[in-house]
$ cat structure.cif   # mmCIF, C-alpha atoms; chains and numbers go by the auth columns
data_target
loop_
_atom_site.group_PDB
_atom_site.id
_atom_site.type_symbol
_atom_site.label_atom_id
_atom_site.label_comp_id
_atom_site.label_asym_id
_atom_site.label_seq_id
_atom_site.Cartn_x
_atom_site.Cartn_y
_atom_site.Cartn_z
_atom_site.B_iso_or_equiv
_atom_site.auth_seq_id
_atom_site.auth_asym_id
ATOM 1 C CA MET A 1 -41.039 17.218 -22.814 0.00 1 A
ATOM 2 C CA ALA A 2 -40.638 14.504 -20.162 0.00 2 A
ATOM 3 C CA THR A 3 -36.824 14.632 -20.128 0.00 3 A
ATOM 4 C CA PRO A 4 -36.513 18.369 -19.327 0.00 4 A
ATOM 5 C CA LEU A 5 -39.206 17.993 -16.666 0.00 5 A
ATOM 6 C CA LEU A 6 -37.349 15.083 -15.043 0.00 6 A
ATOM 7 C CA ALA A 7 -34.082 17.033 -15.141 0.00 7 A
ATOM 8 C CA LEU A 8 -35.783 20.004 -13.512 0.00 8 A
ATOM 9 C CA LEU A 9 -37.221 17.753 -10.790 0.00 9 A
ATOM 10 C CA GLY A 10 -33.767 16.226 -10.238 0.00 10 A
ATOM 11 C CA LEU A 11 -32.247 19.688 -9.784 0.00 11 A
ATOM 12 C CA ALA A 12 -35.023 20.587 -7.356 0.00 12 A
ATOM 13 C CA TRP A 13 -34.052 17.550 -5.247 0.00 13 A
ATOM 14 C CA GLY A 14 -30.359 18.493 -5.396 0.00 14 A
ATOM 15 C CA VAL A 15 -29.346 15.784 -7.868 0.00 15 A
ATOM 16 C CA CYS A 16 -27.119 16.819 -10.754 0.00 16 A
ATOM 17 C CA PRO A 17 -27.950 15.014 -14.017 0.00 17 A
ATOM 18 C CA GLY A 18 -24.496 13.387 -14.301 0.00 18 A
ATOM 19 C CA GLU A 19 -24.421 12.259 -10.662 0.00 19 A
ATOM 20 C CA ALA A 20 -27.704 10.395 -10.409 0.00 20 A
ATOM 21 C CA GLN A 21 -26.873 6.972 -8.984 0.00 21 A
ATOM 22 C CA VAL A 22 -29.117 4.546 -7.196 0.00 22 A
ATOM 23 C CA ARG A 23 -28.022 3.986 -3.600 0.00 23 A
ATOM 24 C CA ASP A 24 -29.988 2.010 -1.081 0.00 24 A
ATOM 25 C CA GLU A 25 -29.316 -0.352 1.811 0.00 25 A
ATOM 26 C CA TYR A 26 -28.415 -3.141 -0.634 0.00 26 A
ATOM 27 C CA HIS A 27 -26.131 -0.992 -2.819 0.00 27 A
ATOM 28 C CA PRO A 28 -24.195 1.322 -0.501 0.00 28 A
ATOM 29 C CA ALA A 29 -21.581 3.699 -1.838 0.00 29 A
ATOM 30 C CA PRO A 30 -17.992 2.436 -1.596 0.00 30 A
ATOM 31 C CA ARG A 31 -16.349 3.408 1.699 0.00 31 A
ATOM 32 C CA ASP A 32 -12.672 3.437 0.737 0.00 32 A
ATOM 33 C CA THR A 33 -10.733 4.210 -2.429 0.00 33 A
ATOM 34 C CA ILE A 34 -7.862 1.751 -2.762 0.00 34 A
ATOM 35 C CA SER A 35 -5.045 0.897 -5.182 0.00 35 A
ATOM 36 C CA VAL A 36 -5.741 -1.078 -8.326 0.00 36 A
ATOM 37 C CA GLU A 37 -3.804 -4.044 -6.871 0.00 37 A
ATOM 38 C CA ALA A 38 -5.785 -4.085 -3.617 0.00 38 A
ATOM 39 C CA TYR A 39 -9.054 -3.653 -5.531 0.00 39 A
ATOM 40 C CA GLN A 40 -8.231 -6.607 -7.773 0.00 40 A
ATOM 41 C CA GLY A 41 -7.340 -8.510 -4.589 0.00 41 A
ATOM 42 C CA TRP A 42 -10.739 -7.663 -3.090 0.00 42 A
ATOM 43 C CA LYS A 43 -12.462 -9.023 -6.206 0.00 43 A
ATOM 44 C CA GLN A 44 -10.385 -12.227 -6.166 0.00 44 A
ATOM 45 C CA TYR A 45 -10.877 -12.637 -2.417 0.00 45 A
ATOM 46 C CA GLU A 46 -14.647 -12.311 -2.699 0.00 46 A
ATOM 47 C CA LEU A 47 -14.647 -14.750 -5.629 0.00 47 A
ATOM 48 C CA ASN A 48 -12.334 -17.425 -4.197 0.00 48 A
ATOM 49 C CA CYS A 49 -11.901 -17.026 -0.440 0.00 49 A
ATOM 50 C CA SER A 50 -14.931 -15.415 1.178 0.00 50 A
ATOM 51 C CA ARG A 51 -17.081 -18.544 1.119 0.00 51 A
ATOM 52 C CA CYS A 52 -14.828 -20.017 3.815 0.00 52 A
ATOM 53 C CA HIS A 53 -13.010 -17.057 5.378 0.00 53 A
ATOM 54 C CA GLY A 54 -16.071 -14.792 5.444 0.00 54 A
ATOM 55 C CA GLU A 55 -16.783 -11.577 3.638 0.00 55 A
ATOM 56 C CA TYR A 56 -13.990 -9.010 3.978 0.00 56 A
ATOM 57 C CA GLY A 57 -11.700 -11.533 5.753 0.00 57 A
ATOM 58 C CA VAL A 58 -13.521 -11.564 9.097 0.00 58 A
ATOM 59 C CA GLY A 59 -13.589 -15.367 9.404 0.00 59 A
ATOM 60 C CA SER A 60 -16.356 -17.929 9.741 0.00 60 A
ATOM 61 C CA SER A 61 -17.275 -20.854 11.940 0.00 61 A
ATOM 62 C CA PHE A 62 -14.741 -23.093 10.161 0.00 62 A
ATOM 63 C CA ALA A 63 -12.018 -20.846 8.708 0.00 63 A
ATOM 64 C CA PRO A 64 -9.926 -18.186 10.478 0.00 64 A
ATOM 65 C CA ALA A 65 -10.257 -14.428 10.226 0.00 65 A
ATOM 66 C CA LEU A 66 -7.445 -13.494 7.869 0.00 66 A
ATOM 67 C CA VAL A 67 -7.536 -9.855 8.952 0.00 67 A
ATOM 68 C CA VAL A 68 -6.531 -11.065 12.426 0.00 68 A
ATOM 69 C CA SER A 69 -3.914 -13.501 11.111 0.00 69 A
ATOM 70 C CA LEU A 70 -2.284 -10.779 8.994 0.00 70 A
ATOM 71 C CA SER A 71 -2.345 -8.050 11.632 0.00 71 A
ATOM 72 C CA ASP A 72 0.960 -6.956 13.179 0.00 72 A
ATOM 73 C CA SER A 73 0.280 -9.019 16.298 0.00 73 A
ATOM 74 C CA GLY A 74 -1.423 -11.849 14.423 0.00 74 A
ATOM 75 C CA ARG A 75 -0.167 -15.319 13.799 0.00 75 A
ATOM 76 C CA PHE A 76 -1.397 -18.238 11.800 0.00 76 A
ATOM 77 C CA ARG A 77 -2.993 -21.019 13.812 0.00 77 A
ATOM 78 C CA THR A 78 0.296 -22.870 13.483 0.00 78 A
ATOM 79 C CA GLY A 79 1.901 -20.143 15.596 0.00 79 A
ATOM 80 C CA GLU A 80 3.991 -18.787 12.724 0.00 80 A
ATOM 81 C CA ILE A 81 4.171 -15.018 12.185 0.00 81 A
ATOM 82 C CA ALA A 82 2.126 -14.149 9.124 0.00 82 A
ATOM 83 C CA THR A 83 4.519 -12.792 6.506 0.00 83 A
ATOM 84 C CA LYS A 84 3.653 -12.180 2.864 0.00 84 A
ATOM 85 C CA GLU A 85 5.811 -15.145 1.855 0.00 85 A
ATOM 86 C CA LEU A 86 4.097 -17.493 4.310 0.00 86 A
ATOM 87 C CA PHE A 87 0.668 -16.244 3.206 0.00 87 A
ATOM 88 C CA ILE A 88 1.478 -16.875 -0.469 0.00 88 A
ATOM 89 C CA ALA A 89 2.956 -20.319 0.323 0.00 89 A
ATOM 90 C CA THR A 90 -0.160 -21.249 2.335 0.00 90 A
ATOM 91 C CA VAL A 91 -2.563 -20.085 -0.373 0.00 91 A
ATOM 92 C CA CYS A 92 -0.529 -21.778 -3.087 0.00 92 A
ATOM 93 C CA GLY A 93 -0.062 -25.101 -1.283 0.00 93 A
ATOM 94 C CA GLY A 94 -3.304 -25.054 0.675 0.00 94 A
ATOM 95 C CA ARG A 95 -3.955 -26.932 3.874 0.00 95 A
ATOM 96 C CA PRO A 96 -5.553 -30.133 2.570 0.00 96 A
ATOM 97 C CA ALA A 97 -5.819 -31.701 6.037 0.00 97 A
ATOM 98 C CA LYS A 98 -8.021 -28.765 7.078 0.00 98 A
ATOM 99 C CA GLY A 99 -10.027 -28.658 3.848 0.00 99 A
ATOM 100 C CA MET A 100 -8.232 -25.735 2.193 0.00 100 A
ATOM 101 C CA PRO A 101 -7.413 -26.476 -1.442 0.00 101 A
ATOM 102 C CA SER A 102 -4.108 -25.786 -3.142 0.00 102 A
ATOM 103 C CA TRP A 103 -4.965 -22.693 -5.155 0.00 103 A
ATOM 104 C CA CYS A 104 -1.866 -23.113 -7.334 0.00 104 A
ATOM 105 C CA ALA A 105 -3.109 -26.571 -8.357 0.00 105 A
ATOM 106 C CA LEU A 106 -6.493 -24.999 -9.149 0.00 106 A
ATOM 107 C CA GLY A 107 -4.863 -22.431 -11.446 0.00 107 A
ATOM 108 C CA LEU A 108 -4.885 -19.239 -9.366 0.00 108 A
ATOM 109 C CA GLU A 109 -2.029 -17.106 -10.683 0.00 109 A
ATOM 110 C CA MET A 110 0.681 -15.667 -8.430 0.00 110 A
ATOM 111 C CA ASP A 111 -0.228 -12.035 -9.199 0.00 111 A
ATOM 112 C CA LYS A 112 -3.792 -12.690 -8.015 0.00 112 A
ATOM 113 C CA MET A 113 -2.497 -14.182 -4.754 0.00 113 A
ATOM 114 C CA GLN A 114 -0.290 -11.126 -4.251 0.00 114 A
ATOM 115 C CA ASN A 115 -3.282 -8.857 -4.900 0.00 115 A
ATOM 116 C CA ILE A 116 -5.351 -10.802 -2.360 0.00 116 A
ATOM 117 C CA TYR A 117 -2.545 -10.287 0.144 0.00 117 A
ATOM 118 C CA ALA A 118 -2.480 -6.529 -0.616 0.00 118 A
ATOM 119 C CA TYR A 119 -6.233 -6.314 0.055 0.00 119 A
ATOM 120 C CA LEU A 120 -6.152 -8.401 3.248 0.00 120 A
ATOM 121 C CA LYS A 121 -3.064 -6.616 4.593 0.00 121 A
ATOM 122 C CA GLY A 122 -4.825 -3.299 4.057 0.00 122 A
ATOM 123 C CA ARG A 123 -7.818 -4.654 5.971 0.00 123 A
ATOM 124 C CA ALA A 124 -5.569 -6.027 8.747 0.00 124 A
ATOM 125 C CA ASP A 125 -3.750 -2.692 9.091 0.00 125 A
ATOM 126 C CA GLY A 126 -7.037 -0.777 9.306 0.00 126 A
ATOM 127 C CA LYS A 127 -6.450 1.069 6.021 0.00 127 A
ATOM 128 C CA ILE A 128 -9.436 -0.586 4.325 0.00 128 A
ATOM 129 C CA ARG A 129 -12.726 -0.746 6.193 0.00 129 A
ATOM 130 C CA LEU A 130 -15.553 -3.263 5.904 0.00 130 A
ATOM 131 C CA GLY A 131 -17.603 -2.906 2.768 0.00 131 A
ATOM 132 C CA ARG A 132 -17.142 -2.645 -0.943 0.00 132 A
ATOM 133 C CA PRO A 133 -14.146 -0.489 -1.894 0.00 133 A
ATOM 134 C CA ALA A 134 -13.703 1.707 -4.951 0.00 134 A
ATOM 135 C CA VAL A 135 -10.630 1.604 -7.150 0.00 135 A
ATOM 136 C CA ARG A 136 -8.269 4.576 -7.181 0.00 136 A
ATOM 137 C CA ALA A 137 -7.418 5.721 -10.696 0.00 137 A
ATOM 138 C CA ALA A 138 -3.759 5.250 -11.512 0.00 138 A
ATOM 139 C CA GLN A 139 -1.844 8.496 -11.934 0.00 139 A
ATOM 140 C CA PRO A 140 0.688 8.611 -14.777 0.00 140 A
ATOM 141 C CA GLY A 141 4.281 8.468 -13.576 0.00 141 A
ATOM 142 C CA LYS A 142 3.319 7.682 -10.000 0.00 142 A
ATOM 143 C CA SER A 143 3.678 4.339 -8.183 0.00 143 A
ATOM 144 C CA ASP A 144 0.395 2.989 -6.784 0.00 144 A
ATOM 145 C CA SER A 145 1.771 1.131 -3.765 0.00 145 A
#

$ encode --input "structure.cif" --output "structure tokens"
Amino acid sequence: MATPLLALLGLAWGVCPGEAQVRDEYHPAPRDTISVEAYQGWKQYELNCSRCHGEYGVGSSFAPALVVSLSDSGRFRTGEIATKELFIATVCGGRPAKGMPSWCALGLEMDKMQNIYAYLKGRADGKIRLGRPAVRAAQPGKSDS
């Protein structure tokens, strides 16, 4: 008896039974739907990089904003133009003098570094906004780049 009553109440509030999801200020809905590679990069970034470079690549008091470094007009603090190759080399080798570890020495695989770059480049280009993204389902026979 309780289940049909709850379903009826949900319909009265405009909530379809299959769509009921909890959303509040601490669990907002994803803002952007991104490729599988960029989504995996977001997860790896949040796991490995955000503690120094800030959530979503916006920087912190002691590590640069990677969304600025990877923008079209951005440069690394060394003055070098931020290419994908330079980004991967920096992540892999680290910057020990500045406190950044060598992620290759710590076991971070190359595909994960490339995914992190895909996420951060999307953020730098304004294609991915602040906040938690959602993953776009891969379509058979179609490239997800």

$ atom_distance --input "structure.cif" --atom1 "CA of Lys43 in chain A" --atom2 "CA of Glu80 in chain A"
26.9 Å

$ atom_distance --input "structure.cif" --atom1 "CA of Ile116 in chain A" --atom2 "CA of Gly54 in chain A"
13.8 Å

$ residues_around --input "structure.cif" --residues "Arg136 in chain A" --least-positions-apart "5" --cutoff "7 Å" --atoms "only C-alpha atoms" --output "list of chain:residue names"
A:Thr33, A:Ile34, A:Ser35, A:Val36

$ axis_aligned_box --input "structure.cif" --around "range 101-110 of chain A" --padding-each-side "6 Å" --output "JSON"
{"center_x": -3.4, "center_y": -21.1, "center_z": -6.4, "size_x": 20.1, "size_y": 22.9, "size_z": 22.0}

$ closest_residue --input "structure.cif" --among "A:Ala137, A:Ala124, A:Ala29, A:Val91" --to "Trp103 in chain A" --atoms "only C-alpha atoms"
A:Val91

$ closest_residue --input "structure.cif" --among "A:Arg31, A:Lys98, A:Arg129, A:Lys112" --to "Gln44 in chain A" --atoms "all atoms listed in the file"
A:Lys112

$ closest_residue --input "structure.cif" --among "A:Met100, A:Ser69, A:Tyr26, A:Glu37" --to "Arg51 in chain A" --atoms "only C-alpha atoms"
A:Met100

$ residues_around --input "structure.cif" --residues "Asp32 in chain A" --least-positions-apart "2" --cutoff "9 Å" --atoms "all atoms listed in the file" --output "list in words"
Pro30, Ile34, Lys127, Ile128, Arg129, Leu130, Gly131, Arg132, Pro133, Ala134 and Val135 of chain A

$ closest_residue --input "structure.cif" --among "A:Pro101, A:Pro64, A:Asp72, A:Gln114" --to "Lys84 in chain A" --atoms "all atoms listed in the file"
A:Gln114

$ residues_near_point --input "structure.cif" --point "(-7.2, -9.4, 1.8)" --cutoff "9 Å" --atoms "only C-alpha atoms" --output "number ranges by chain"
A: 38, 41-42, 45, 56-57, 66-67, 70, 115-124

$ atom_distance --input "structure.cif" --atom1 "CA of Val68 in chain A" --atom2 "CA of Ile81 in chain A"
11.4 Å
